[in-house]
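Colleague: My structure is stored as data.csv, with CSV, C-alpha atoms.
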chain,number,residue,atom,x,y,z
A,1,MET,CA,109.4,80.8,109.9
A,2,LYS,CA,111.1,80.6,106.5
A,3,VAL,CA,108.9,82.4,103.9
A,4,LEU,CA,109.3,82.5,100.1
A,5,VAL,CA,107.7,85.5,98.4
A,6,LEU,CA,107.2,84.9,94.7
A,7,GLY,CA,107.4,88.2,92.8
A,8,ALA,CA,109.5,91.4,93.4
A,9,GLY,CA,107.1,94.1,92.3
A,10,VAL,CA,105.8,96.7,94.7
A,11,VAL,CA,103.4,94.2,96.3
A,12,GLY,CA,106.0,91.4,96.7
A,13,VAL,CA,108.6,93.7,98.1
A,14,THR,CA,106.2,95.3,100.6
A,15,SER,CA,105.1,91.8,101.6
A,16,ALA,CA,108.8,90.9,102.2
A,17,TRP,CA,109.4,94.0,104.3
A,18,TYR,CA,106.4,93.4,106.7
A,19,LEU,CA,107.1,89.7,106.9
A,20,ALA,CA,110.7,90.4,107.9
A,21,ARG,CA,109.6,93.0,110.4
A,22,ALA,CA,107.3,90.3,111.9
A,23,GLY,CA,110.4,88.1,112.5
A,24,HIS,CA,110.3,85.7,109.5
A,25,ALA,CA,113.3,84.7,107.4
A,26,VAL,CA,112.3,85.9,103.9
A,27,THR,CA,113.5,85.2,100.4
A,28,VAL,CA,112.1,86.9,97.4
A,29,VAL,CA,112.2,85.2,94.0
A,30,ASP,CA,111.8,87.0,90.6
A,31,ARG,CA,112.8,86.4,87.0
A,32,GLN,CA,114.0,90.0,86.5
A,33,PRO,CA,117.5,91.2,87.3
A,34,SER,CA,116.2,93.6,90.0
A,35,ALA,CA,113.0,94.7,91.8
A,36,GLY,CA,110.0,96.6,90.3
A,37,LEU,CA,110.7,96.0,86.6
A,38,GLU,CA,107.3,94.8,85.4
A,39,THR,CA,103.9,96.2,86.4
A,40,SER,CA,105.5,98.5,89.0
A,41,PHE,CA,107.9,100.0,86.6
A,42,ALA,CA,106.1,103.0,85.0
A,43,ASN,CA,102.5,103.2,86.4
A,44,GLY,CA,100.4,106.3,87.1
A,45,GLY,CA,102.2,107.1,90.3
A,46,GLN,CA,99.1,107.7,92.5
A,47,ILE,CA,98.4,106.7,96.1
A,48,SER,CA,94.7,107.1,95.3
A,49,VAL,CA,92.2,106.0,97.9
A,50,SER,CA,89.9,108.3,95.9
A,51,HIS,CA,90.0,105.7,93.1
A,52,ALA,CA,88.1,103.2,95.1
A,53,GLU,CA,85.1,103.3,92.8
A,54,PRO,CA,85.5,100.0,90.9
A,55,TRP,CA,85.5,99.7,87.2
A,56,ALA,CA,82.5,97.4,87.6
A,57,ASN,CA,79.6,99.7,88.5
A,58,PRO,CA,76.1,100.2,87.2
A,59,HIS,CA,77.3,102.7,84.5
A,60,ALA,CA,80.1,100.5,83.1
A,61,PRO,CA,78.3,98.2,80.6
A,62,LEU,CA,76.8,101.1,78.6
A,63,ARG,CA,80.2,102.9,78.6
A,64,ALA,CA,81.9,99.8,77.4
A,65,LEU,CA,79.4,99.5,74.6
A,66,ALA,CA,79.9,103.1,73.6
A,67,TRP,CA,83.7,102.6,73.3
A,68,MET,CA,83.3,99.3,71.3
A,69,GLY,CA,85.4,99.4,68.1
A,70,ARG,CA,87.4,102.5,69.1
A,71,GLU,CA,91.2,101.8,69.0
A,72,ASP,CA,91.9,104.6,71.4
A,73,ALA,CA,89.0,103.8,73.8
A,74,PRO,CA,89.8,104.1,77.5
A,75,LEU,CA,88.5,100.5,77.9
A,76,LEU,CA,89.2,98.1,75.0
A,77,PHE,CA,88.2,94.5,74.8
A,78,ARG,CA,89.9,92.8,71.8
A,79,PRO,CA,87.7,89.9,70.4
A,80,ARG,CA,89.6,86.7,71.0
A,81,ALA,CA,88.9,83.0,71.7
A,82,ASP,CA,89.8,83.2,75.3
A,83,ALA,CA,87.7,81.2,77.9
A,84,ALA,CA,89.5,83.0,80.8
A,85,LEU,CA,88.4,86.4,79.4
A,86,ALA,CA,84.9,85.3,78.7
A,87,GLY,CA,84.5,84.0,82.3
A,88,TRP,CA,86.1,87.2,83.7
A,89,GLY,CA,83.7,89.3,81.6
A,90,LEU,CA,80.6,87.5,83.0
A,91,ARG,CA,81.8,88.0,86.5
A,92,PHE,CA,82.5,91.6,85.7
A,93,LEU,CA,78.8,92.1,84.7
A,94,ARG,CA,77.7,90.6,88.0
A,95,GLU,CA,79.9,93.0,89.9
A,96,CYS,CA,78.2,95.9,88.1
A,97,LEU,CA,75.1,95.3,90.3
A,98,PRO,CA,74.6,98.3,92.7
A,99,TRP,CA,74.9,96.3,95.9
A,100,ARG,CA,78.0,94.5,94.7
A,101,THR,CA,79.6,97.9,93.7
A,102,ARG,CA,78.9,99.3,97.1
A,103,GLU,CA,80.4,96.3,98.9
A,104,ASN,CA,83.5,96.4,96.6
A,105,MET,CA,83.9,100.1,97.2
A,106,ARG,CA,83.7,99.5,101.0
A,107,ASN,CA,86.5,97.0,100.8
A,108,LEU,CA,88.7,99.2,98.6
A,109,VAL,CA,88.3,102.3,100.8
A,110,ALA,CA,89.0,100.3,104.0
A,111,LEU,CA,92.2,98.8,102.6
A,112,GLY,CA,93.2,102.0,100.8
A,113,LEU,CA,92.9,104.1,104.0
A,114,TYR,CA,94.9,101.5,106.0
A,115,SER,CA,97.5,101.2,103.2
A,116,ARG,CA,98.1,105.0,103.0
A,117,GLN,CA,98.5,105.1,106.8
A,118,ARG,CA,101.1,102.2,106.6
A,119,LEU,CA,103.0,104.0,103.9
A,120,GLN,CA,103.1,107.2,105.9
A,121,ALA,CA,104.3,105.3,109.0
A,122,LEU,CA,106.9,103.5,106.9
A,123,ARG,CA,108.3,106.9,105.7
A,124,ALA,CA,108.4,108.2,109.3
A,125,GLU,CA,110.1,105.0,110.5
A,126,LEU,CA,112.8,105.2,107.8
A,127,ALA,CA,113.2,109.0,107.9
A,128,VAL,CA,115.8,108.7,110.7
A,129,GLU,CA,117.9,106.4,108.5
A,130,GLY,CA,117.9,108.7,105.4
A,131,GLY,CA,114.3,108.1,104.3
A,132,LEU,CA,113.0,106.7,101.0
A,133,ASP,CA,113.6,108.9,98.0
A,134,TYR,CA,110.9,108.2,95.4
A,135,ASP,CA,109.7,111.7,94.2
A,136,HIS,CA,106.7,111.6,96.5
A,137,LEU,CA,104.3,114.5,96.8
A,138,GLU,CA,101.6,115.0,99.4
A,139,ARG,CA,99.4,117.4,97.5
A,140,GLY,CA,96.3,115.3,97.1
A,141,ILE,CA,94.6,114.0,93.9
A,142,LEU,CA,92.3,116.1,91.8
A,143,HIS,CA,89.7,114.4,89.6
A,144,VAL,CA,88.5,116.6,86.7
A,145,TYR,CA,85.4,116.0,84.6
A,146,THR,CA,84.6,117.3,81.1
A,147,ASP,CA,81.2,115.6,80.7
A,148,ARG,CA,78.2,116.7,82.8
A,149,ARG,CA,76.7,113.2,83.1
A,150,GLU,CA,80.1,111.8,84.3
A,151,PHE,CA,80.3,114.6,86.8
A,152,ALA,CA,76.8,113.9,88.1
A,153,ALA,CA,77.6,110.2,88.6
A,154,ALA,CA,80.8,111.3,90.3
A,155,VAL,CA,78.9,113.5,92.8
A,156,GLU,CA,77.0,110.4,93.9
A,157,ALA,CA,80.1,108.3,94.2
A,158,ALA,CA,81.9,111.0,96.2
A,159,ALA,CA,79.1,111.0,98.7
A,160,VAL,CA,79.4,107.3,99.2
A,161,MET,CA,83.1,107.5,99.7
A,162,ARG,CA,82.8,110.3,102.2
A,163,ALA,CA,80.4,108.0,104.2
A,164,LEU,CA,83.1,105.3,104.1
A,165,GLY,CA,85.7,107.7,105.4
A,166,CYS,CA,87.5,108.9,102.2
A,167,GLU,CA,87.6,112.7,102.2
A,168,ARG,CA,86.6,113.2,98.5
A,169,GLN,CA,85.3,116.8,98.1
A,170,THR,CA,83.1,117.7,95.1
A,171,ILE,CA,84.3,121.1,93.8
A,172,SER,CA,83.6,123.5,90.9
A,173,ALA,CA,85.6,123.9,87.7
A,174,ASP,CA,87.0,127.2,89.0
A,175,ARG,CA,88.2,125.6,92.2
A,176,CYS,CA,89.9,122.9,90.1
A,177,VAL,CA,92.0,125.6,88.5
A,178,GLU,CA,92.7,127.2,91.9
A,179,ILE,CA,94.1,123.9,93.1
A,180,GLU,CA,96.1,123.2,90.0
A,181,PRO,CA,96.8,126.5,88.0
A,182,ALA,CA,98.3,124.4,85.1
A,183,LEU,CA,94.7,123.7,84.1
A,184,ALA,CA,93.9,127.3,83.4
A,185,ALA,CA,94.1,126.9,79.6
A,186,ALA,CA,91.7,123.9,79.8
A,187,ARG,CA,89.2,125.7,82.0
A,188,PRO,CA,86.6,125.9,79.1
A,189,LEU,CA,86.6,122.1,79.0
A,190,LEU,CA,86.0,121.5,82.7
A,191,VAL,CA,82.5,121.1,84.3
A,192,GLY,CA,83.7,120.2,87.8
A,193,GLY,CA,85.9,118.0,89.9
A,194,ASP,CA,86.7,116.0,93.0
A,195,TYR,CA,89.6,116.7,95.3
A,196,THR,CA,91.0,114.3,97.9
A,197,PRO,CA,93.7,116.3,99.8
A,198,ALA,CA,95.1,113.4,101.8
A,199,ASP,CA,96.0,111.3,98.7
A,200,GLU,CA,99.6,111.3,97.4
A,201,SER,CA,101.8,110.5,94.4
A,202,GLY,CA,105.2,109.1,93.8
A,203,ASP,CA,107.3,106.8,91.6
A,204,ALA,CA,106.4,103.2,92.4
A,205,HIS,CA,109.5,101.9,90.7
A,206,ARG,CA,111.9,104.0,92.7
A,207,PHE,CA,110.0,103.2,95.9
A,208,THR,CA,110.2,99.4,95.2
A,209,GLN,CA,113.9,99.6,94.5
A,210,ALA,CA,114.6,101.7,97.6
A,211,LEU,CA,112.5,99.4,99.8
A,212,ALA,CA,114.2,96.3,98.4
A,213,ALA,CA,117.5,97.8,99.4
A,214,ARG,CA,116.1,98.3,102.9
A,215,CYS,CA,114.9,94.7,102.9
A,216,VAL,CA,118.4,93.4,102.1
A,217,ALA,CA,119.8,95.5,105.0
A,218,ALA,CA,117.1,93.9,107.2
A,219,GLY,CA,118.2,90.4,106.2
A,220,VAL,CA,115.8,89.6,103.3
A,221,ARG,CA,117.4,87.6,100.5
A,222,PHE,CA,116.6,88.2,96.8
A,223,ARG,CA,117.0,85.6,94.1
A,224,TYR,CA,116.9,87.5,90.9
A,225,GLY,CA,117.0,85.9,87.4
A,226,ALA,CA,115.1,82.9,88.7
A,227,CYS,CA,112.1,81.9,86.5
A,228,ILE,CA,109.4,80.2,88.6
A,229,GLU,CA,108.3,77.1,86.8
A,230,ARG,CA,105.8,75.4,89.1
A,231,LEU,CA,104.8,74.7,92.7
A,232,ALA,CA,105.2,71.1,94.0
A,233,ALA,CA,102.4,70.2,96.3
A,234,GLY,CA,100.9,67.2,98.2
A,235,GLY,CA,99.0,66.4,101.3
A,236,GLY,CA,97.3,69.8,101.3
A,237,ARG,CA,100.6,71.7,101.5
A,238,VAL,CA,103.2,73.2,99.1
A,239,ALA,CA,106.5,71.3,99.3
A,240,GLY,CA,108.6,73.6,97.2
A,241,VAL,CA,109.0,75.9,94.2
A,242,LEU,CA,110.8,74.7,91.1
A,243,VAL,CA,112.9,77.6,89.5
A,244,GLU,CA,115.0,77.8,86.4
A,245,GLY,CA,118.0,80.1,86.3
A,246,ALA,CA,121.4,80.5,84.7
A,247,ASP,CA,122.7,77.6,86.8
A,248,GLY,CA,119.9,75.2,85.9
A,249,GLY,CA,116.9,74.0,87.8
A,250,GLU,CA,116.5,74.1,91.6
A,251,VAL,CA,113.8,73.4,94.1
A,252,LEU,CA,113.4,76.1,96.8
A,253,VAL,CA,111.9,75.0,100.0
A,254,ALA,CA,110.3,77.1,102.8
A,255,ASP,CA,107.7,76.8,105.6
A,256,ALA,CA,105.3,79.2,103.8
A,257,TYR,CA,104.9,80.6,100.3
A,258,VAL,CA,103.4,83.9,99.1
A,259,VAL,CA,102.3,84.3,95.5
A,260,ALA,CA,102.6,88.0,94.5
A,261,LEU,CA,103.1,87.5,90.7
A,262,GLY,CA,100.4,89.9,89.5
A,263,SER,CA,98.9,88.9,86.2
A,264,TYR,CA,101.0,85.7,86.2
A,265,SER,CA,99.6,84.3,89.5
A,266,PRO,CA,96.7,82.4,87.8
A,267,ARG,CA,99.1,80.5,85.5
A,268,LEU,CA,101.2,79.3,88.5
A,269,LEU,CA,98.2,78.3,90.6
A,270,ARG,CA,95.9,76.7,88.0
A,271,PRO,CA,97.7,73.3,88.1
A,272,LEU,CA,97.0,73.2,91.9
A,273,GLY,CA,93.3,73.6,91.2
A,274,ILE,CA,93.2,77.2,92.4
A,275,HIS,CA,91.4,79.3,89.8
A,276,LEU,CA,91.9,83.0,90.4
A,277,PRO,CA,89.6,85.6,88.8
A,278,VAL,CA,92.6,87.6,87.6
A,279,TYR,CA,93.1,88.7,84.0
A,280,PRO,CA,95.8,91.0,82.6
A,281,ALA,CA,94.6,94.5,81.8
A,282,LYS,CA,97.3,96.2,79.7
A,283,GLY,CA,97.9,99.8,80.7
A,284,TYR,CA,100.0,102.4,78.9
A,285,SER,CA,102.1,105.3,80.2
A,286,ALA,CA,104.2,108.1,78.8
A,287,THR,CA,107.0,109.8,80.8
A,288,LEU,CA,107.9,113.3,79.7
A,289,PRO,CA,111.0,115.2,80.8
A,290,LEU,CA,110.1,118.8,81.7
A,291,ARG,CA,111.9,122.1,81.2
A,292,ALA,CA,112.1,124.7,83.9
A,293,ASP,CA,109.4,126.7,82.1
A,294,SER,CA,107.1,123.8,81.4
A,295,VAL,CA,103.5,124.5,82.4
A,296,ALA,CA,102.9,121.1,83.9
A,297,PRO,CA,100.7,120.0,86.9
A,298,VAL,CA,102.2,119.5,90.3
A,299,VAL,CA,99.0,118.2,91.9
A,300,SER,CA,98.4,114.6,90.7
A,301,LEU,CA,95.4,114.6,88.4
A,302,THR,CA,92.8,112.1,87.1
A,303,ASP,CA,91.0,112.8,83.9
A,304,ASP,CA,88.0,110.6,84.5
A,305,GLY,CA,86.5,110.8,81.0
A,306,HIS,CA,89.6,109.5,79.4
A,307,LYS,CA,90.7,107.3,82.3
A,308,LEU,CA,94.1,108.9,82.5
A,309,VAL,CA,96.2,110.1,85.3
A,310,PHE,CA,98.9,112.8,85.4
A,311,SER,CA,101.6,112.7,88.1
A,312,ARG,CA,104.5,114.9,88.7
A,313,LEU,CA,107.7,112.9,89.4
A,314,GLY,CA,110.4,115.5,90.0
A,315,GLN,CA,111.3,117.0,86.6
A,316,ARG,CA,109.2,114.3,84.8
A,317,LEU,CA,105.5,114.1,84.1
A,318,ARG,CA,103.9,110.6,84.0
A,319,ILE,CA,100.8,110.2,81.9
A,320,ALA,CA,99.2,106.8,82.4
A,321,GLY,CA,96.0,104.9,82.1
A,322,THR,CA,93.5,103.0,79.8
A,323,ALA,CA,92.9,99.3,79.9
A,324,GLU,CA,93.3,96.9,77.0
A,325,PHE,CA,92.2,93.3,77.4
A,326,ASN,CA,94.3,91.4,75.0
A,327,GLY,CA,95.8,88.5,76.9
A,328,TYR,CA,99.5,88.7,77.9
A,329,ASP,CA,100.5,90.9,75.0
A,330,THR,CA,102.7,93.9,76.0
A,331,THR,CA,103.3,95.3,72.5
A,332,LEU,CA,103.0,99.1,72.4
A,333,ASN,CA,100.1,100.2,70.2
A,334,ALA,CA,100.9,103.5,68.5
A,335,VAL,CA,97.3,104.7,68.4
A,336,ARG,CA,96.9,104.3,72.1
A,337,CYS,CA,100.3,105.9,72.8
A,338,ALA,CA,99.3,108.9,70.6
A,339,ALA,CA,96.0,109.2,72.6
A,340,LEU,CA,98.0,109.8,75.8
A,341,MET,CA,99.9,112.7,74.2
A,342,ARG,CA,96.9,114.1,72.5
A,343,ARG,CA,94.9,114.4,75.7
A,344,ALA,CA,98.0,115.8,77.5
A,345,THR,CA,98.2,118.6,74.9
A,346,GLN,CA,94.5,119.3,75.2
A,347,LEU,CA,94.7,119.8,78.9
A,348,PHE,CA,98.2,121.4,79.0
A,349,PRO,CA,98.8,123.2,75.7
A,350,ASP,CA,101.9,125.0,77.2
A,351,LEU,CA,103.5,121.8,78.5
A,352,ARG,CA,106.7,122.4,76.6
A,353,PRO,CA,108.5,119.1,77.4
A,354,ALA,CA,112.3,118.9,77.4
A,355,GLY,CA,112.4,115.8,75.2
A,356,GLU,CA,110.4,113.0,73.6
A,357,PRO,CA,108.1,110.9,75.7
A,358,GLU,CA,109.2,107.4,76.8
A,359,PHE,CA,106.3,105.0,76.3
A,360,TRP,CA,105.7,101.9,78.3
A,361,SER,CA,103.0,99.2,78.7
A,362,GLY,CA,102.4,96.8,81.6
A,363,LEU,CA,100.0,94.1,82.6
A,364,ARG,CA,97.8,95.1,85.6
A,365,PRO,CA,96.3,92.0,87.4
A,366,ALA,CA,92.6,92.9,87.3
A,367,THR,CA,89.8,91.1,89.2
A,368,PRO,CA,86.2,91.6,88.0
A,369,SER,CA,85.4,93.4,91.3
A,370,ASN,CA,88.7,95.4,91.5
A,371,VAL,CA,89.1,93.8,95.0
A,372,PRO,CA,92.5,92.0,95.3
A,373,CYS,CA,93.0,88.4,96.5
A,374,ILE,CA,94.8,88.5,99.8
A,375,GLY,CA,95.0,85.7,102.3
A,376,ARG,CA,95.0,81.9,102.6
A,377,THR,CA,94.4,79.2,100.0
A,378,PRO,CA,93.2,75.6,100.4
A,379,TYR,CA,96.9,74.7,100.8
A,380,ALA,CA,97.8,75.3,104.5
A,381,ASN,CA,101.1,77.1,103.8
A,382,LEU,CA,100.3,78.9,100.6
A,383,TYR,CA,99.1,82.6,100.6
A,384,LEU,CA,98.1,85.1,98.0
A,385,ASN,CA,98.8,88.8,97.6
A,386,THR,CA,97.7,89.5,94.0
A,387,GLY,CA,95.0,90.9,91.8
A,388,HIS,CA,95.4,94.6,92.7
A,389,GLY,CA,94.6,95.9,89.2
A,390,THR,CA,95.3,99.6,88.9
A,391,LEU,CA,95.6,100.0,92.7
A,392,GLY,CA,98.8,98.0,93.3
A,393,TRP,CA,100.8,101.0,94.3
A,394,THR,CA,97.9,102.4,96.4
A,395,LEU,CA,97.3,99.2,98.3
A,396,ALA,CA,100.8,97.8,98.5
A,397,CYS,CA,101.8,98.7,102.0
A,398,GLY,CA,98.4,97.8,103.5
A,399,SER,CA,98.3,94.5,101.6
A,400,GLY,CA,101.8,93.6,102.7
A,401,ALA,CA,101.2,94.5,106.3
A,402,ALA,CA,97.9,92.6,106.4
A,403,LEU,CA,99.4,89.5,104.7
A,404,ALA,CA,102.2,89.5,107.3
A,405,ASP,CA,99.5,89.5,110.0
A,406,LEU,CA,97.6,86.7,108.4
A,407,LEU,CA,100.7,84.5,108.0
A,408,SER,CA,101.7,85.2,111.6
A,409,GLY,CA,98.4,84.2,112.9
A,410,ARG,CA,97.2,87.7,113.8
A,411,THR,CA,93.9,89.4,112.7
A,412,PRO,CA,94.7,92.3,110.2
A,413,GLU,CA,93.5,95.7,111.1
A,414,PRO,CA,91.3,96.7,108.1
A,415,ARG,CA,87.8,95.5,107.7
A,416,PHE,CA,88.4,93.8,104.4
A,417,ALA,CA,87.3,90.5,102.7
A,418,PHE,CA,90.5,88.6,103.3
A,419,LEU,CA,90.5,85.0,101.9
As structure tokens - that is how I would like this structure written.
Modeller:
Amino acid sequence: MKVLVLGAGVVGVTSAWYLARAGHAVTVVDRQPSAGLETSFANGGQISVSHAEPWANPHAPLRALAWMGREDAPLLFRPRADAALAGWGLRFLRECLPWRTRENMRNLVALGLYSRQRLQALRAELAVEGGLDYDHLERGILHVYTDRREFAAAVEAAAVMRALGCERQTISADRCVEIEPALAAARPLLVGGDYTPADESGDAHRFTQALAARCVAAGVRFRYGACIERLAAGGGRVAGVLVEGADGGEVLVADAYVVALGSYSPRLLRPLGIHLPVYPAKGYSATLPLRADSVAPVVSLTDDGHKLVFSRLGQRLRIAGTAEFNGYDTTLNAVRCAALMRRATQLFPDLRPAGEPEFWSGLRPATPSNVPCIGRTPYANLYLNTGHGTLGWTLACGSGAALADLLSGRTPEPRFAFL
């Protein structure tokens, strides 16, 4: 079957890989000049099944109110006349109900565990051919807490995750420092932590580019520099994709189509009457070059109070996080960039970087539940693999493998709410 995958981020490229492995003839279309140049470019770098607790949980509304009006708040809603954001916000409040939070967590843990297994299997499969080089580390993820109420809530969440199969251990502040000695100077700030030893970290951009090269070797075609204008549909099926490029307009035709356009998926699908609950949540990151004597973490860390992650990528430290709901704006906000570095200095006063930070912002495709949209649509040959929010890198391999199963008429392995 001929399949067009729309989007060459980490989710689109993993979809292409597993579709090609299933025997399909795959073409990937993207407006950028190469793979992984938008949301996958400079994210937090974590393969974090331990992050399966959704943003929408019973504690979230009060936290959001407490952060209201703070320019450096971890979660920032900018007032705007935006019907899509208003609708998204109402659905978010519904997902904060305890029973909805538990069900969303179950879905995310199930897909996260499966996805991590698929990533590990992919690495093993390609190891005999030189492997995939993306600065990956298998040292787990350590969550640290500096607020006792936040830590108490985390103890409850960790118990739920353990029951779902995620090995998230609640540990003392002293044990946090034992696991990551770079936290020694910040020990007075810590009240406790969680540690998930099976989680990983790595550079999503480097992974996406490396896997795209493997896809090409496996026969996948990439059409870069092609802006997707609209889908042509009729009779309950998609007939083609209109793209604009350097050579003018063209209609690309296939047997099946996969939308993996992240935050831009709703814009493409709305004219077909498909209304996805996906809204762009702008995240920020800073990438710091490190000196040989830098006191920087090696274990990937999550600072839950500030909603930041710290991941070691070779001789670089990636600091990433926060969420700003401000439409499709990707402008860097100096206050929010400064907040990343201020917290890094508080936790690692002896960081001693080798140069200035490189700041970046990207639009994460957030659903109110944090559960991505994967599977079929009302159009018989149109499929979705989008809405992964902050977990695109974590869920990419599992989402791609499951999507390939669905498109091939097989039942995916994880117990997940596929469309």
Colleague: Contacts of range 149-162 of chain A at 12 Å or less, counting all atoms listed in the file, minus same-chain residues fewer than 3 places along, as a count of residues only?
Modeller: 49
Colleague: Just checking: using only C-alpha atoms, which residue out of A:Lys282, A:Arg91, A:Arg364, A:Arg312 ends up closest to Ile141 in chain A?
Modeller: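 With only C-alpha atoms as the atom set, the closest residue is A:Arg312.
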Colleague: Taking 5 positions as the minimum chain separation for residues in the same chain, which residues sit within 7 Å of Val11 in chain A when counting only C-alpha atoms? Answer as a list in words.
Modeller: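 Answer for this query is Ala260, Gly392, Ala396 and Gly400 of chain A.
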Colleague: Do a neighbour search on Ile374 in chain A at 7 Å with all atoms listed in the file, toss out local chain neighbours closer than 2 positions, and write the hits as a PyMOL selection string.
Modeller: chain A and resi 372+384-386+403+418-419
Colleague: Excluding Ala233 in chain A and its own-chain neighbours fewer than 4 positions away, which residues fall within 12 Å of it when counting all atoms listed in the file? Please give them as a PyMOL selection string.
Modeller: chain A and resi 237-242+253+257+269+271-273+378-382
Colleague: Please, what distance in Å, to one decimal, runs between CA of Ala354 in chain A and CA of Cys337 in chain A?
Modeller: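 These two atoms are separated by 18.3 Å.
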Colleague: Using all atoms listed in the file, which of the listed residues (A:Pro412, A:Pro289, A:Gly327, A:Gly375) sits closest to Leu351 in chain A?
Modeller: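 Using all atoms listed in the file, the shortest distance to Leu351 in chain A belongs to A:Pro289.
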Colleague: Considering all atoms listed in the file, can you say which of A:Leu288, A:Ala212, A:Leu97, A:Cys176 comes closest to Val26 in chain A?
Modeller: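 Closest candidate: A:Ala212.
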Colleague: Which polymer residues have any atom within 7 Å of an atom of Ser48 in chain A, counting only C-alpha atoms, with same-chain residues fewer than 4 positions away left out, as a list in words?
Modeller: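 Non-adjacent residues within range: Asp199, Glu200 and Thr394 of chain A.
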Colleague: With 3 Å added on each side, what axis-aligned box encloses every listed atom of range 222-225 of chain A? Give the centre and edge lengths in Å to one decimal, as JSON.
Modeller:
{"center_x": 116.8, "center_y": 86.9, "center_z": 92.1, "size_x": 6.4, "size_y": 8.6, "size_z": 15.4}
Colleague: Kindly give the distance, in Å, that separates CA of Ala402 in chain A and CA of Ala42 in chain A, rounded to a single decimal.
Modeller: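 Going from CA of Ala402 in chain A over to CA of Ala42 in chain A, I get 25.2 Å.
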Colleague: Measuring between all atoms listed in the file, which one of A:Pro188, A:Leu231, A:Glu138, A:Leu6 shows the shortest distance to Leu268 in chain A?
Modeller: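 Closest residue, counting all atoms listed in the file: A:Leu231.
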Colleague: Can you tell me, as a CSV table (one decimal) with C-alpha atoms, in the coordinates of the input, which residues sit within 6 Å of (105.8, 88.9, 113.8) in the file's frame, using all atoms listed in the file?
Modeller:
chain,number,residue,atom,x,y,z
A,22,ALA,CA,107.3,90.3,111.9
A,23,GLY,CA,110.4,88.1,112.5
A,408,SER,CA,101.7,85.2,111.6
Colleague: Quick one: distance from CA of Asp405 in chain A to CA of Lys2 in chain A in Å, one decimal?
Modeller: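 CA of Asp405 in chain A sits 15.0 Å away from CA of Lys2 in chain A.
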Colleague: Up to 6 Å from (113.5, 84.8, 91.8) in the file's coordinates: name the residues, counting all atoms listed in the file, as a compact mmCIF listing (two decimals) with C-alpha atoms, in the frame of the given file.
Modeller:
# COMPACT_ATOMS: atom_id res chain seq x y z
CA VAL A 29 112.20 85.20 94.00
CA ASP A 30 111.80 87.00 90.60
CA ARG A 31 112.80 86.40 87.00
CA ARG A 223 117.00 85.60 94.10
CA TYR A 224 116.90 87.50 90.90
CA GLY A 225 117.00 85.90 87.40
CA ALA A 226 115.10 82.90 88.70
Colleague: Rank A:Ala218, A:Ala256, A:Leu363, A:Leu261 by their smallest atom-to-atom distance to Arg21 in chain A, using all atoms listed in the file, and report the top residue only.
Modeller: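 Counting all atoms listed in the file, the residue closest to Arg21 in chain A is A:Ala218.
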Colleague: Which residue is closest to Leu301 in chain A? Choose from A:Leu407, A:Val251, A:Val177, A:Ala217 and count only C-alpha atoms.
Modeller: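 Looking at the shortest contact to Leu301 in chain A, the residue is A:Val177.
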